[in-house]
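Undergrad: The file below is query16.cif, mmCIF, C-alpha atoms, pLDDT in the B column; chains and numbers go by the auth columns:
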```cif
data_structure
#
loop_
_atom_site.group_PDB
_atom_site.id
_atom_site.type_symbol
_atom_site.label_atom_id
_atom_site.label_comp_id
_atom_site.label_asym_id
_atom_site.label_seq_id
_atom_site.Cartn_x
_atom_site.Cartn_y
_atom_site.Cartn_z
_atom_site.B_iso_or_equiv
_atom_site.auth_seq_id
_atom_site.auth_asym_id
ATOM 1 C CA MET A 1 0.772 -18.409 16.644 49.00 27 A
ATOM 2 C CA ALA A 2 -0.874 -15.785 14.454 54.00 28 A
ATOM 3 C CA LEU A 3 -1.205 -13.473 17.448 54.00 29 A
ATOM 4 C CA GLU A 4 2.529 -13.730 18.171 54.00 30 A
ATOM 5 C CA THR A 5 3.404 -13.150 14.513 55.00 31 A
ATOM 6 C CA CYS A 6 1.211 -10.033 14.256 62.00 32 A
ATOM 7 C CA GLY A 7 2.287 -8.704 17.661 59.00 33 A
ATOM 8 C CA SER A 8 5.186 -6.757 16.177 64.00 34 A
ATOM 9 C CA CYS A 9 3.009 -5.037 13.554 80.00 35 A
ATOM 10 C CA LEU A 10 0.261 -3.962 15.963 83.00 36 A
ATOM 11 C CA SER A 11 2.313 -1.042 17.252 85.00 37 A
ATOM 12 C CA CYS A 12 2.850 0.244 13.713 88.00 38 A
ATOM 13 C CA LEU A 13 -0.910 0.335 13.144 90.00 39 A
ATOM 14 C CA LEU A 14 -1.312 2.770 16.041 92.00 40 A
ATOM 15 C CA VAL A 15 0.745 5.457 14.290 93.00 41 A
ATOM 16 C CA PRO A 16 -1.643 6.271 11.383 93.00 42 A
ATOM 17 C CA LEU A 17 -4.655 5.934 13.691 94.00 43 A
ATOM 18 C CA ALA A 18 -3.189 8.495 16.085 93.00 44 A
ATOM 19 C CA LEU A 19 -2.324 10.917 13.271 94.00 45 A
ATOM 20 C CA TRP A 20 -5.823 10.661 11.775 94.00 46 A
ATOM 21 C CA SER A 21 -7.330 11.217 15.216 92.00 47 A
ATOM 22 C CA ILE A 22 -5.419 14.474 15.581 92.00 48 A
ATOM 23 C CA VAL A 23 -6.450 15.717 12.137 92.00 49 A
ATOM 24 C CA VAL A 24 -10.137 14.856 12.547 91.00 50 A
ATOM 25 C CA ASN A 25 -10.305 16.359 16.028 89.00 51 A
ATOM 26 C CA VAL A 26 -8.821 19.624 14.747 89.00 52 A
ATOM 27 C CA LEU A 27 -11.619 19.797 12.163 88.00 53 A
ATOM 28 C CA LEU A 28 -14.181 19.766 14.978 85.00 54 A
ATOM 29 C CA TYR A 29 -12.910 23.190 16.062 84.00 55 A
ATOM 30 C CA PHE A 30 -14.250 24.577 12.776 83.00 56 A
ATOM 31 C CA PRO A 31 -17.962 23.686 12.506 79.00 57 A
ATOM 32 C CA ASN A 32 -18.907 23.195 8.864 72.00 58 A
ATOM 33 C CA GLY A 33 -15.340 24.141 7.951 71.00 59 A
ATOM 34 C CA ARG A 34 -15.691 27.756 9.056 71.00 60 A
ATOM 35 C CA ALA A 35 -13.671 29.620 11.653 68.00 61 A
ATOM 36 C CA GLY A 36 -15.383 31.822 14.233 61.00 62 A
ATOM 37 C CA ASP A 37 -18.261 29.496 15.205 65.00 63 A
ATOM 38 C CA GLN A 38 -18.272 27.970 18.663 69.00 64 A
ATOM 39 C CA PRO A 39 -17.260 24.294 18.650 70.00 65 A
ATOM 40 C CA PRO A 40 -18.882 21.701 20.945 72.00 66 A
ATOM 41 C CA SER A 41 -17.752 21.787 24.544 70.00 67 A
ATOM 42 C CA TYR A 42 -16.423 18.227 24.586 72.00 68 A
ATOM 43 C CA VAL A 43 -13.647 19.051 22.117 73.00 69 A
ATOM 44 C CA TRP A 44 -11.947 21.003 24.908 73.00 70 A
ATOM 45 C CA HIS A 45 -11.322 17.730 26.719 71.00 71 A
ATOM 46 C CA PHE A 46 -8.601 17.216 24.063 73.00 72 A
ATOM 47 C CA GLU A 47 -9.460 13.540 23.806 75.00 73 A
ATOM 48 C CA GLY A 48 -8.729 13.374 20.084 78.00 74 A
ATOM 49 C CA ILE A 49 -5.602 15.539 20.057 85.00 75 A
ATOM 50 C CA CYS A 50 -4.022 14.599 23.366 87.00 76 A
ATOM 51 C CA PHE A 51 -5.159 11.126 24.422 87.00 77 A
ATOM 52 C CA SER A 52 -6.017 9.167 21.265 89.00 78 A
ATOM 53 C CA GLY A 53 -3.618 11.391 19.332 90.00 79 A
ATOM 54 C CA VAL A 54 -0.315 12.488 20.869 92.00 80 A
ATOM 55 C CA MET A 55 -0.279 10.021 23.785 92.00 81 A
ATOM 56 C CA ILE A 56 -1.089 7.010 21.598 94.00 82 A
ATOM 57 C CA LEU A 57 1.519 8.187 19.088 93.00 83 A
ATOM 58 C CA LEU A 58 4.199 8.348 21.794 94.00 84 A
ATOM 59 C CA LEU A 59 3.241 4.917 23.105 93.00 85 A
ATOM 60 C CA ALA A 60 3.428 3.488 19.581 92.00 86 A
ATOM 61 C CA VAL A 61 6.908 4.940 19.027 91.00 87 A
ATOM 62 C CA ILE A 62 8.157 3.486 22.325 90.00 88 A
ATOM 63 C CA LEU A 63 6.638 0.081 21.561 88.00 89 A
ATOM 64 C CA ILE A 64 8.247 0.036 18.115 86.00 90 A
ATOM 65 C CA THR A 65 11.588 0.954 19.695 85.00 91 A
ATOM 66 C CA LEU A 66 11.267 -1.886 22.213 81.00 92 A
ATOM 67 C CA GLU A 67 10.635 -4.349 19.392 77.00 93 A
ATOM 68 C CA CYS A 68 13.750 -3.319 17.463 72.00 94 A
ATOM 69 C CA SER A 69 16.699 -5.709 17.569 56.00 95 A
ATOM 70 C CA VAL A 70 19.079 -2.880 18.464 52.00 96 A
ATOM 71 C CA PHE A 71 18.074 -2.164 22.047 53.00 97 A
ATOM 72 C CA TYR A 72 19.890 -1.697 25.346 52.00 98 A
ATOM 73 C CA ARG A 73 20.302 -5.020 27.091 54.00 99 A
ATOM 74 C CA CYS A 74 18.920 -4.625 30.594 53.00 100 A
ATOM 75 C CA CYS A 75 20.553 -7.826 31.835 53.00 101 A
ATOM 76 C CA GLU A 76 23.130 -10.360 30.728 54.00 102 A
ATOM 77 C CA SER A 77 20.704 -13.045 29.637 55.00 103 A
ATOM 78 C CA GLU A 78 18.945 -12.610 26.276 57.00 104 A
ATOM 79 C CA SER A 79 15.772 -14.305 27.562 57.00 105 A
ATOM 80 C CA CYS A 80 15.789 -12.055 30.633 59.00 106 A
ATOM 81 C CA ASN A 81 16.117 -9.017 28.384 65.00 107 A
ATOM 82 C CA LYS A 82 13.159 -10.116 26.240 71.00 108 A
ATOM 83 C CA THR A 83 11.066 -10.803 29.327 75.00 109 A
ATOM 84 C CA TYR A 84 11.612 -7.292 30.674 79.00 110 A
ATOM 85 C CA ARG A 85 10.822 -5.813 27.265 80.00 111 A
ATOM 86 C CA SER A 86 7.571 -7.769 27.167 82.00 112 A
ATOM 87 C CA PHE A 87 6.676 -6.522 30.649 86.00 113 A
ATOM 88 C CA ILE A 88 7.274 -2.893 29.624 88.00 114 A
ATOM 89 C CA SER A 89 5.246 -3.448 26.443 88.00 115 A
ATOM 90 C CA ILE A 90 2.337 -4.792 28.501 91.00 116 A
ATOM 91 C CA VAL A 91 2.372 -1.722 30.762 92.00 117 A
ATOM 92 C CA LEU A 92 2.469 0.647 27.777 93.00 118 A
ATOM 93 C CA ALA A 93 -0.309 -1.244 25.996 92.00 119 A
ATOM 94 C CA LEU A 94 -2.475 -1.002 29.119 94.00 120 A
ATOM 95 C CA LEU A 95 -1.907 2.748 29.124 94.00 121 A
ATOM 96 C CA GLY A 96 -3.019 2.745 25.499 93.00 122 A
ATOM 97 C CA VAL A 97 -6.193 0.929 26.541 94.00 123 A
ATOM 98 C CA ALA A 98 -6.860 3.640 29.132 94.00 124 A
ATOM 99 C CA PHE A 99 -6.209 6.538 26.725 93.00 125 A
ATOM 100 C CA SER A 100 -8.212 5.142 23.820 93.00 126 A
ATOM 101 C CA GLY A 101 -10.998 3.971 26.133 92.00 127 A
ATOM 102 C CA TYR A 102 -11.318 7.454 27.641 91.00 128 A
ATOM 103 C CA SER A 103 -11.461 9.008 24.173 90.00 129 A
ATOM 104 C CA CYS A 104 -14.075 6.532 23.003 91.00 130 A
ATOM 105 C CA ILE A 105 -16.293 7.313 26.011 91.00 131 A
ATOM 106 C CA VAL A 106 -16.037 11.081 25.510 89.00 132 A
ATOM 107 C CA PHE A 107 -16.763 10.798 21.776 90.00 133 A
ATOM 108 C CA THR A 108 -19.800 8.629 22.496 90.00 134 A
ATOM 109 C CA TRP A 109 -21.075 11.213 24.961 88.00 135 A
ATOM 110 C CA GLY A 110 -20.437 13.979 22.419 86.00 136 A
ATOM 111 C CA LEU A 111 -22.330 12.113 19.711 89.00 137 A
ATOM 112 C CA ILE A 112 -25.324 11.670 22.020 89.00 138 A
ATOM 113 C CA GLN A 113 -25.213 15.317 23.127 85.00 139 A
ATOM 114 C CA GLY A 114 -25.159 16.662 19.587 84.00 140 A
ATOM 115 C CA PRO A 115 -23.648 19.862 18.196 84.00 141 A
ATOM 116 C CA PHE A 116 -23.815 23.374 19.600 81.00 142 A
ATOM 117 C CA CYS A 117 -25.967 25.314 17.161 82.00 143 A
ATOM 118 C CA ASN A 118 -28.478 28.140 16.789 80.00 144 A
ATOM 119 C CA SER A 119 -32.190 27.384 16.647 81.00 145 A
ATOM 120 C CA SER A 120 -35.446 29.209 17.320 78.00 146 A
ATOM 121 C CA GLY A 121 -34.639 29.108 21.037 76.00 147 A
ATOM 122 C CA GLY A 122 -31.110 30.508 20.609 79.00 148 A
ATOM 123 C CA TRP A 123 -27.679 28.897 20.805 80.00 149 A
ATOM 124 C CA ASP A 124 -27.795 25.648 22.727 79.00 150 A
ATOM 125 C CA TYR A 125 -27.333 21.901 22.571 84.00 151 A
ATOM 126 C CA ILE A 126 -30.844 21.351 21.323 83.00 152 A
ATOM 127 C CA PHE A 127 -30.465 17.551 20.984 84.00 153 A
ATOM 128 C CA LYS A 128 -29.042 16.871 24.420 82.00 154 A
ATOM 129 C CA ASP A 129 -32.374 15.601 25.805 80.00 155 A
ATOM 130 C CA THR A 130 -33.070 13.223 22.916 82.00 156 A
ATOM 131 C CA ALA A 131 -30.620 10.547 24.174 82.00 157 A
ATOM 132 C CA GLY A 132 -29.221 10.242 20.670 79.00 158 A
ATOM 133 C CA GLY A 133 -32.603 9.872 19.035 85.00 159 A
ATOM 134 C CA TYR A 134 -31.830 12.738 16.652 85.00 160 A
ATOM 135 C CA LEU A 135 -29.296 10.512 14.874 87.00 161 A
ATOM 136 C CA THR A 136 -32.099 8.655 13.085 86.00 162 A
ATOM 137 C CA ASP A 137 -34.536 11.585 12.923 84.00 163 A
ATOM 138 C CA TYR A 138 -33.065 13.403 9.939 83.00 164 A
ATOM 139 C CA SER A 139 -35.962 15.855 9.793 83.00 165 A
ATOM 140 C CA ALA A 140 -34.924 17.235 13.187 83.00 166 A
ATOM 141 C CA TRP A 141 -31.539 18.273 11.832 86.00 167 A
ATOM 142 C CA SER A 142 -33.122 21.254 10.138 83.00 168 A
ATOM 143 C CA ARG A 143 -33.782 22.764 13.572 84.00 169 A
ATOM 144 C CA CYS A 144 -30.129 23.831 13.627 84.00 170 A
ATOM 145 C CA THR A 145 -30.114 26.899 11.413 82.00 171 A
ATOM 146 C CA GLU A 146 -26.570 28.051 12.107 82.00 172 A
ATOM 147 C CA PRO A 147 -23.883 26.979 11.301 80.00 173 A
ATOM 148 C CA ALA A 148 -25.211 25.398 8.142 80.00 174 A
ATOM 149 C CA ASN A 149 -24.995 21.596 7.947 83.00 175 A
ATOM 150 C CA VAL A 150 -23.425 21.522 11.387 84.00 176 A
ATOM 151 C CA VAL A 151 -25.305 18.384 12.435 87.00 177 A
ATOM 152 C CA ALA A 152 -24.018 16.312 9.521 88.00 178 A
ATOM 153 C CA TRP A 153 -20.519 17.771 10.069 88.00 179 A
ATOM 154 C CA ASN A 154 -20.553 16.898 13.764 87.00 180 A
ATOM 155 C CA VAL A 155 -22.024 13.419 13.371 89.00 181 A
ATOM 156 C CA SER A 156 -19.580 12.469 10.601 90.00 182 A
ATOM 157 C CA LEU A 157 -16.429 13.630 12.381 91.00 183 A
ATOM 158 C CA VAL A 158 -17.380 12.285 15.810 90.00 184 A
ATOM 159 C CA SER A 159 -18.309 8.919 14.290 92.00 185 A
ATOM 160 C CA VAL A 160 -14.890 8.745 12.614 94.00 186 A
ATOM 161 C CA LEU A 161 -13.190 9.616 15.913 93.00 187 A
ATOM 162 C CA MET A 162 -15.182 6.929 17.709 93.00 188 A
ATOM 163 C CA ALA A 163 -14.097 4.375 15.099 94.00 189 A
ATOM 164 C CA LEU A 164 -10.434 5.431 15.365 94.00 190 A
ATOM 165 C CA SER A 165 -10.377 5.279 19.165 94.00 191 A
ATOM 166 C CA GLY A 166 -12.240 1.951 19.075 94.00 192 A
ATOM 167 C CA LEU A 167 -9.629 0.483 16.735 95.00 193 A
ATOM 168 C CA GLN A 168 -6.878 1.773 19.019 95.00 194 A
ATOM 169 C CA LEU A 169 -8.607 0.105 21.963 95.00 195 A
ATOM 170 C CA ILE A 170 -8.807 -3.239 20.139 95.00 196 A
ATOM 171 C CA ILE A 171 -5.177 -3.056 18.986 94.00 197 A
ATOM 172 C CA CYS A 172 -3.934 -2.280 22.502 93.00 198 A
ATOM 173 C CA PHE A 173 -5.931 -5.222 23.892 93.00 199 A
ATOM 174 C CA LEU A 174 -4.423 -7.507 21.254 92.00 200 A
ATOM 175 C CA LYS A 175 -0.956 -6.173 22.093 91.00 201 A
ATOM 176 C CA VAL A 176 -1.461 -7.016 25.768 91.00 202 A
ATOM 177 C CA ALA A 177 -2.658 -10.510 24.860 89.00 203 A
ATOM 178 C CA ALA A 178 0.286 -11.091 22.508 86.00 204 A
ATOM 179 C CA GLU A 179 2.895 -10.034 25.062 86.00 205 A
ATOM 180 C CA LEU A 180 1.249 -12.056 27.840 86.00 206 A
ATOM 181 C CA LYS A 181 1.288 -15.130 25.611 83.00 207 A
ATOM 182 C CA ARG A 182 4.962 -14.602 24.794 79.00 208 A
ATOM 183 C CA THR A 183 5.885 -14.232 28.458 77.00 209 A
ATOM 184 C CA LEU A 184 3.687 -16.874 30.084 79.00 210 A
ATOM 185 C CA CYS A 185 3.398 -19.551 27.399 73.00 211 A
ATOM 186 C CA GLY A 186 7.066 -20.177 26.697 57.00 212 A
ATOM 187 C CA THR A 187 7.942 -18.142 23.605 49.00 213 A
ATOM 188 C CA TYR A 188 10.602 -16.535 25.775 47.00 214 A
ATOM 189 C CA SER A 189 12.466 -18.818 28.195 44.00 215 A
ATOM 190 C CA VAL A 190 12.493 -16.962 31.469 43.00 216 A
ATOM 191 C CA PHE A 191 15.617 -16.044 33.421 41.00 217 A
ATOM 192 C CA VAL A 192 18.192 -18.501 32.044 41.00 218 A
ATOM 193 C CA GLN A 193 21.448 -17.219 33.438 42.00 219 A
ATOM 194 C CA PRO A 194 24.885 -17.703 31.845 46.00 220 A
ATOM 195 C CA GLY A 195 26.767 -20.788 33.013 48.00 221 A
ATOM 196 C CA MET A 196 23.598 -22.779 33.818 44.00 222 A
ATOM 197 C CA SER A 197 23.313 -24.533 30.463 45.00 223 A
ATOM 198 C CA GLY A 198 26.336 -26.821 30.969 45.00 224 A
ATOM 199 C CA VAL A 199 28.193 -25.476 27.930 45.00 225 A
ATOM 200 C CA ALA A 200 31.124 -23.149 28.325 46.00 226 A
ATOM 201 C CA PRO A 201 31.310 -19.875 26.330 48.00 227 A
ATOM 202 C CA GLY A 202 33.824 -21.423 23.931 49.00 228 A
ATOM 203 C CA GLY A 203 31.385 -24.209 23.028 48.00 229 A
ATOM 204 C CA SER A 204 33.024 -26.959 25.170 47.00 230 A
ATOM 205 C CA VAL A 205 31.391 -28.787 28.048 45.00 231 A
ATOM 206 C CA PRO A 206 32.938 -27.566 31.354 47.00 232 A
ATOM 207 C CA TRP A 207 33.270 -30.979 33.068 44.00 233 A
ATOM 208 C CA MET A 208 34.787 -32.545 29.962 45.00 234 A
ATOM 209 C CA SER A 209 37.239 -29.705 29.472 46.00 235 A
ATOM 210 C CA GLY A 210 38.215 -29.992 33.142 48.00 236 A
ATOM 211 C CA ARG A 211 38.849 -33.714 32.788 46.00 237 A
ATOM 212 C CA GLY A 212 40.902 -33.124 29.668 44.00 238 A
ATOM 213 C CA ALA A 213 42.963 -30.501 31.481 43.00 239 A
ATOM 214 C CA ARG A 214 43.605 -32.845 34.363 46.00 240 A
ATOM 215 C CA GLY A 215 44.539 -35.687 32.026 46.00 241 A
ATOM 216 C CA GLY A 216 46.899 -33.504 30.066 46.00 242 A
ATOM 217 C CA GLY A 217 48.536 -32.313 33.284 47.00 243 A
ATOM 218 C CA ASP A 218 49.211 -35.875 34.447 49.00 244 A
ATOM 219 C CA GLY A 219 50.750 -36.787 31.111 46.00 245 A
ATOM 220 C CA SER A 220 53.036 -33.758 31.254 46.00 246 A
ATOM 221 C CA ARG A 221 54.236 -34.633 34.726 50.00 247 A
ATOM 222 C CA SER A 222 54.963 -38.270 33.740 54.00 248 A
ATOM 223 C CA LEU A 223 57.027 -37.174 30.746 54.00 249 A
ATOM 224 C CA GLY A 224 59.042 -34.779 32.941 54.00 250 A
ATOM 225 C CA ALA A 225 59.719 -37.505 35.501 61.00 251 A
ATOM 226 C CA ARG A 226 61.036 -39.891 32.842 63.00 252 A
ATOM 227 C CA SER A 227 63.307 -37.209 31.425 62.00 253 A
ATOM 228 C CA ALA A 228 64.739 -36.519 34.883 61.00 254 A
ATOM 229 C CA ASP A 229 65.428 -40.233 35.460 65.00 255 A
ATOM 230 C CA ARG A 230 67.278 -40.530 32.184 67.00 256 A
ATOM 231 C CA ALA A 231 69.421 -37.470 32.964 61.00 257 A
ATOM 232 C CA GLU A 232 70.292 -38.924 36.372 63.00 258 A
ATOM 233 C CA GLN A 233 71.269 -42.220 34.778 61.00 259 A
ATOM 234 C CA ARG A 234 73.592 -40.481 32.339 61.00 260 A
ATOM 235 C CA LEU A 235 75.356 -38.786 35.235 58.00 261 A
ATOM 236 C CA GLN A 236 75.856 -42.087 37.066 61.00 262 A
ATOM 237 C CA GLY A 237 77.726 -43.510 34.108 57.00 263 A
ATOM 238 C CA PRO A 238 77.637 -46.606 31.958 56.00 264 A
ATOM 239 C CA ALA A 239 77.749 -48.945 34.941 52.00 265 A
ATOM 240 C CA ALA A 240 74.436 -47.768 36.246 50.00 266 A
ATOM 241 C CA LEU A 241 72.865 -48.066 32.813 48.00 267 A
ATOM 242 C CA THR A 242 74.196 -51.666 32.498 52.00 268 A
ATOM 243 C CA ALA A 243 72.933 -52.599 35.938 53.00 269 A
ATOM 244 C CA GLN A 244 69.468 -51.214 35.222 52.00 270 A
ATOM 245 C CA ARG A 245 69.277 -53.207 31.999 50.00 271 A
#
```
Written as structure tokens, how would this file's structure read?
TA:
Amino acid sequence: MALETCGSCLSCLLVPLALWSIVVNVLLYFPNGRAGDQPPSYVWHFEGICFSGVMILLLAVILITLECSVFYRCCESESCNKTYRSFISIVLALLGVAFSGYSCIVFTWGLIQGPFCNSSGGWDYIFKDTAGGYLTDYSAWSRCTEPANVVAWNVSLVSVLMALSGLQLIICFLKVAAELKRTLCGTYSVFVQPGMSGVAPGGSVPWMSGRGARGGGDGSRSLGARSADRAEQRLQGPAALTAQR
């Protein structure tokens, strides 16, 4: 029940995460906050700006639009409309899983590779062969002489990006689970077409209204027949009326 209740707010959480991902990824293009230094190669995969940024932001906007009450009805039945909206939401959430998962993998690889910096051997990724061991060996960070503090800058920003993309991945998984539960477990009744419920649009039961119509028709015909008999008797005169009595 809690998953269904929070399903509508999950899409809203993706918006700030996507915006923060864009901002933090842009900072990676400026090692130690300075322009002119070469950024790490993995930032050119645009995983923070494009995939966990712009693409997740677009998906979030579409999901929020689908959850609004004012939405184009794709079919006549309300339950059918909700079912199709849930199906589209599942597809979009799965795309969000793919985008955020790709970004998380690239950021993890970038954190293991380390920053591009200058050392005694020249400009290179000097920590690429340490398999991430430099992350706990703080004394090795001093091997990067230029840009200054580039290791701490790189580790901090990439760690934040990993956390943001990981949260996006979890939220998209929860969104898929929430929509699947709504569709398969009966929150939305599936494909109930108009006229199948036994109640007419005006609120009356069709078979009862039909019987009432037929009964009313018979009563009208009986009243007309009696009126015609009386008119005929008046034309025949008082003798006919006396005889009938």
Undergrad: As an exercise, work out the distance from CA of Ala44 (chain A) to CA of Leu161 (chain A) in Å and give it to one decimal place.
TA: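 Between CA of Ala44 (chain A) and CA of Leu161 (chain A) the gap works out to 26.2 Å.
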Undergrad: Could you spell out the hits of the PyMOL selection byres ((chain A and resi 42) around 12) on the shown file, as a short mmCIF file (atom, residue, chain, number, x, y, z; two decimals) with C-alpha atoms, in the coordinates of the input?
TA:
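Now in result.cif:
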```cif
data_model
loop_
_atom_site.label_atom_id
_atom_site.label_comp_id
_atom_site.auth_asym_id
_atom_site.auth_seq_id
_atom_site.Cartn_x
_atom_site.Cartn_y
_atom_site.Cartn_z
CA LEU A 36 0.26 -3.96 15.96
CA SER A 37 2.31 -1.04 17.25
CA CYS A 38 2.85 0.24 13.71
CA LEU A 39 -0.91 0.34 13.14
CA LEU A 40 -1.31 2.77 16.04
CA VAL A 41 0.74 5.46 14.29
CA LEU A 43 -4.66 5.93 13.69
CA ALA A 44 -3.19 8.49 16.08
CA LEU A 45 -2.32 10.92 13.27
CA TRP A 46 -5.82 10.66 11.78
CA SER A 47 -7.33 11.22 15.22
CA ILE A 48 -5.42 14.47 15.58
CA VAL A 49 -6.45 15.72 12.14
CA SER A 78 -6.02 9.17 21.26
CA GLY A 79 -3.62 11.39 19.33
CA VAL A 80 -0.32 12.49 20.87
CA ILE A 82 -1.09 7.01 21.60
CA LEU A 83 1.52 8.19 19.09
CA ALA A 86 3.43 3.49 19.58
CA VAL A 87 6.91 4.94 19.03
CA LEU A 190 -10.43 5.43 15.36
CA SER A 191 -10.38 5.28 19.16
CA LEU A 193 -9.63 0.48 16.74
CA GLN A 194 -6.88 1.77 19.02
#
```
Undergrad: Got a sec to resolve the PyMOL selection byres ((chain A and resi 133) around 10) on this structure and send the residues as a list in words?
TA: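 Applying the PyMOL selection byres ((chain A and resi 133) around 10) to the structure shown produces Tyr68, Val69, Glu73, Gly74, Gly127, Tyr128, Ser129, Cys130, Ile131, Val132, Thr134, Trp135, Gly136, Leu137, Ile138, Gln139, Leu183, Val184, Ser185, Val186, Leu187, Met188, Ala189 and Ser191 of chain A.
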Undergrad: Quick one, how far is CA of Cys35 (chain A) from CA of Ala204 (chain A)?
TA: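 Calculated distance between CA of Cys35 (chain A) and CA of Ala204 (chain A) is 11.1 Å.
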Undergrad: Would you kindly return, as a list in words, each protein, DNA or RNA residue with an atom no farther than 12 Å from any atom of Ala178 (chain A), considering all atoms listed in the file and excluding same-chain residues fewer than 6 positions away?
TA: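 So, after excluding close chain neighbours, the residues are Leu54, Pro57, Asn58, Gly59, Leu137, Gly140, Pro141, Cys143, Tyr160, Leu161, Thr162, Tyr164, Ser165, Ala166, Trp167, Ser168, Cys170, Val184 and Ser185 of chain A.
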Undergrad: Would you mind telling me which residue in A:Trp179, A:Phe113, A:Phe125, A:Phe199 lies nearest to Phe142 (chain A) when using all atoms listed in the file?
TA: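 Of A:Trp179, A:Phe113, A:Phe125, A:Phe199, the one nearest Phe142 (chain A), counting all atoms listed in the file, is A:Trp179.
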Undergrad: Quick check, in Å to one decimal: how far apart do CA of Val181 (chain A) and CA of Ser146 (chain A) lie?
TA: 21.1 Å
